[in-house]
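K.L.:
The following block contains the structure, expressed as structure tokens.
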Amino acid sequence: KKPTMTTTAPATSGAIGADGSTAKSNAARNIAIASEKNTVSVSDTNASGAGAATGAATTASKTLQYLLREDPQLENFNLTHLNLSSKKEGSFAYAAALINVDNQSHNHSGHDEDGNDDGIVDWSDASIAGEIQQKARDALSEVERKLILVESLSERISREKPEHVAEPLMKLHGYTPYPEEKEDNDNDNDNGTGSGSGGGGAMLTSTLERCDRLSRQSQVLDSVAHRVESTLVRGLDRMTNATDKLERVLKTSQVLKMVMRLKFEAKKVMGAGLGITKSSTSGISGDSGLDFKDLRDLTRAAASVAVMEELLNHPDLKDQGIDMVDQMRPEAERVAKAVRKAAANLLADQHQHGQGHGHGQHNNMQGMGRLSSAAKLGATLQVYFHLGELPDAAWNAVCLGLDKAEKASGRFFNPSAIKRLLESAKTEARYSADQEINAILAGGGDRNKKQKEVIYNRVLYTKHREKKAEAASLWASEVAACALQVYNLHRVLMRKSDPVSRQNFLEVVCAAPVPDDFKQAQELYDNAKNGGAASDKMTKKKKVSIFTLFWNQMCISLGARMQRLLKYENGAMASDVATFYPAVRAAALEMLSSIQDTMQAGVIFSSDEMSMSENGSGMGMVGGGSGIMGGSLALDDATFFGFSHGSHNKNAEGGATSASTLSSSNGNAHDGDLALGGVSADTWTKKDTSSSTNHNSTATVMDKIGARGKSGHNQMQTSSAVSSILSSPEWQSLQGLGSGSGLGRSNGNGNADSTTMIGLYPMQGAFLRALHQRLEAPLHSLFVENRVVDENGIDIKMLPTLPSNEDLQQLETIIRAELSLSDPREGGGDFSMTTMISECIVEIVERVCSLARGATSGASEDELLHTNNNNKSASTATEELLHDMKVAGVLATLTNHLRTLPDNTFVVPYRPAHSLQHEEAANMCQIALLPAVHEIDSMVKSELLNPLTNVLNKGIASEIAKMHRGAYMDHSSSDSNSYSNNDTQGSFVQDYLAPKYDDIATNILARLPGEYGGKVACTICTFSIYTFLTNASLIRPLGEMGRLRITQDLADLELTLEQLIFKGGGSTPLNQISGGKPYAELRAVRQMLFWGGLENKTLSSEQVSKAFFREVWVKDVRPSTAFHFLFTFAPALLSSPHHACRMNAEEYTGNLVKFDGSVDDGEAKAWMTTMNCCDAYQQRESIDGGVSIGDRRVPAILMIVGPELLRRRRY
């Protein structure tokens, strides 16, 4: 049988050379390796007998048979026959023996079955096996030696005769060596006479010849390519010359076209087509000698000038010596200068009209009087767009507005102006005071120096308020005018677009870089939008709000000016500057209110107008508008500002014009050239429309703000309007506390957390610091340390001195005076300041509470009451407690002042003519002062009421615990100390608790303020009810008479506690204390005492528990009270909870009911104690024997109802 191999051995037939030596050596090598692997097994089995050797030989034989099957060359070279006498094949004897072992007889004698000696080796002989192994090793070494010789021979051949090595390589790469001698070589190889050296030489010779032929052919091809290239170059040169000539012709043609276009544009400008004529008068174009008859002519001239400048600056026309171009250049430059001059005058005219200086201005542009201010601005911007100077012109206009706003701030916020204003107020106040004194003397009065000083201070305060309000209003009106000009510029840029390219003007301006003057505003804008510095890529993508940048930069400049003013002469004027803040804040809010009204005006009207335009569809707000020429119908003032013509006509007819009204171009207000009304920039593309005389929005704003300054107070605004203003980004930037502005908020002293302050924030900080100083001034005399020294110079401990009612009244007057600064009529401020001033008042009240905490006696609870030796239940207040009560009285008075302060400041002085704004201000002040009231209540409760309540409730608990001395027993006791030893006993509450409560109400609660006395009384009532019910439920045994007495005492307790609340000054009824839970349990216990669920002895514990839960009073009774009540029905072996805890009833009740009246923490403890008692009863029940009196179902009932009662209590 042939063995089955898991792996296939590699075939060796391909490795046999022509002479067969290599094949023999490789085959012998494989056989030797295979035999070497099996030698160990043969040698290891010699000692175990011939059977083991035979098995190893058999294994080796099978292995070599497999090799024979895979490599037939073994038989070709006689490697499979055993012939020991042959020297030539001696090295393969072992392999042949192993291969033929299965064909031989395995007898021990070495004979066959017939007894003949056939020369077969007997494999059972161990010596023969060893000899064969040795021969195998020799054969292996011989093979190794031959391999070394073959390798050295191959190296020598590769050096001396490389063609023998190159031949197989050429075959490998697809070449056939010696093709002409292939057949001869094949025959010679068969006969063994072939030779490879001659063929190799012939092959190399043919290869060299081929290389020479290829070289000659390449030379021929190079010469042909050179001739072709020369031919092509000559043709290309001829084509280039022709092209150059054509290019010169085209360039000349282009120059001629540009000259013709230049001449055409010059004819348009200087001809009659644009309505521009030479004039000797100096019109809007200055000294240029040109007069633009219509605004449309200026726009068209700008377009022509832009084309002419582009052509004149073209490289083909500039400095080329063309006579026609040189002749037209001066005239074109003059026209361009005139156009720019006219556009600049238009922008300047817009600013002058906005500032209210339009009267008397010369404007020779005929026909412009009928155009609205928005249309003029749009046409002016169109001019600059044609000239390619739109971004520069827009930013120059913004810079002009910013300069005017900074000049207005400089005229107001500078040391000289402030000093002049204060001196003027003092002079007028002195004059008015003298007149008033003279009037008093003329009426028969006496000359009183103190009275004169009082009159002077009153008049001076009024003059200061009026002067500050007037100066602040003037500043606000100028800033508002500049702001509205910039805002109108932004709106026109947003709505206007070029009629040809349809490019929006705002996009053109945003594409240009922001000037360096607005870099800080840009950073502030980016921080507000993105919460940090925006990247350049993001900034380019989004539109920049020109108005926002203007406003932010104005606020930054204002903040820097404020800081310099406050630091002037080392802060010498800081206190005076701080007094301007209420008037400046009120004027700023009024300014922003008017600006917002102007911003929001016309939005709905303009959208309706545009939706009802000629084509029936609106063009949108940005970059659009009706009209084919790119102008916008929305640029009509009636649409742009949102004002109807009729109302303004009515004002115009009535003559209601102010000095700040935008006048007409020729100075006549009746010509119709007012700010509002007019036609759009592209009216000529639609039907003619008529316009009416209207007022400028800027003038309207200035009139409103100026009217406020003259009247001395601003217009009343609703809280919603004020809230919208205070939440606007403009106010946040102006105030300096806007989100993303990088500013720190004010701390307790009004100081900023950051050095970067913009807008009014520096002035606000100075105002708050001054406010804190004025409010803290009276605090030093409120709680003065009382130090007394004896005759030996030793300090005697004394209680601190408390403030009097006059001190508290003075503090209330100061607080009210500071709070009145937010009243426009009294302080010249704004109602929005109420919250800010109230926050400062809260901080001052916290300081007062801190001082009051240090002024208390600091006595412990045991030092608060004196016990009467004759009557243990009666107690009197100690000196420390009386002192603490006085501190509580001081704080109660301060609390009353804080609660009445809002109405006394904002409502009472104006009754019955107070307005809704006064009530809203009082309400805001009331809400803002709530933290101060809570701080006082918290301090009084923690420092006085809680210790006092603990001491009082501790005494009450001791009195209630006396009921366990037999107060509710049905039989008399032999104990003389028991309560039931007297047959004529009365009510327990009337005998023990009523005198205690009367003593507390008379000696303690009556001396407390009514508010705090009521709180103490309510806490005592809550504690008394819970403690009484807990003690009553612990009484065992409880008979029928005891239940009746407890019911009677519960009614007496209810009446006594109501009297305690009334005497203590409380107003809360007993059934509303602590949410009504104590009183509800008091009423429920009356029903619980007469529960008869255990009278039926046949009911099981589960049935009794279900009936127990169906009772109405269960929901109002605490679980602990129900547990204790069920203990009264249990056998004596079920210990009471307080006995199980090894403490008396008073101590046990103290663990369940805290002195402050809280009971939630004790319910879990009561349930744990109840379970311990039931567990102990289960252990004792086995030894009872049925002797104990009581219901044995009670422990099981407790274990059933306990978890459910706790669950209901929790949820």
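Chains: A, B, ... in order of the structure tokens. Residues: from 1 per chain. Ligands: from 1, in order shown.
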If we count only C-alpha atoms and set the cut-off at 12 Å, which residues sit around Cys399 in chain A, ignoring sequence neighbours fewer than 3 positions away in its own chain? Please answer as a PyMOL selection string.
P.N.:
chain A and resi 351+392-396+402-406+482-483+485-486+514-518+546-547+549-551+553-554
K.L.:
Give me the residues near range 950-956 of chain A as a list in words, where near means some atom within 9 Å (using only C-alpha atoms) and where sequence neighbours in that chain fewer than 6 positions away do not count.
P.N.:
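Once the adjacent positions are removed, what remains is Glu861, Asp862, Leu864, Leu865, Ser873, Leu993, Lys996, Tyr997, Ile1000, Thr1019, Ile1020, Phe1023, Ser1024, Thr1027, Gly1150, Lys1154, Phe1155 and Asp1156 of chain A.
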K.L.:
Give me the residues within 12 Å of Met324 in chain A as a ChimeraX atom specification, counting only C-alpha atoms and dropping any in the same chain fewer than 5 places off.
P.N.:
/A:255-256,258-260,262-263,266,312,317-318,329-331
K.L.:
Please report, as number ranges by chain, each residue of range 777-926 of chain A to which DSSP assigns strand (DSSP E) when run on this structure's backbone.
P.N.:
A: 788-789, 795-796, 865-867, 875-877
K.L.:
Which of these, A:Asp1052, A:Glu333, A:Asp1191, A:Asp937, has the shortest distance to Thr1128 in chain A once you count only C-alpha atoms?
P.N.:
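Result for the nearest residue to Thr1128 in chain A: A:Asp1191.
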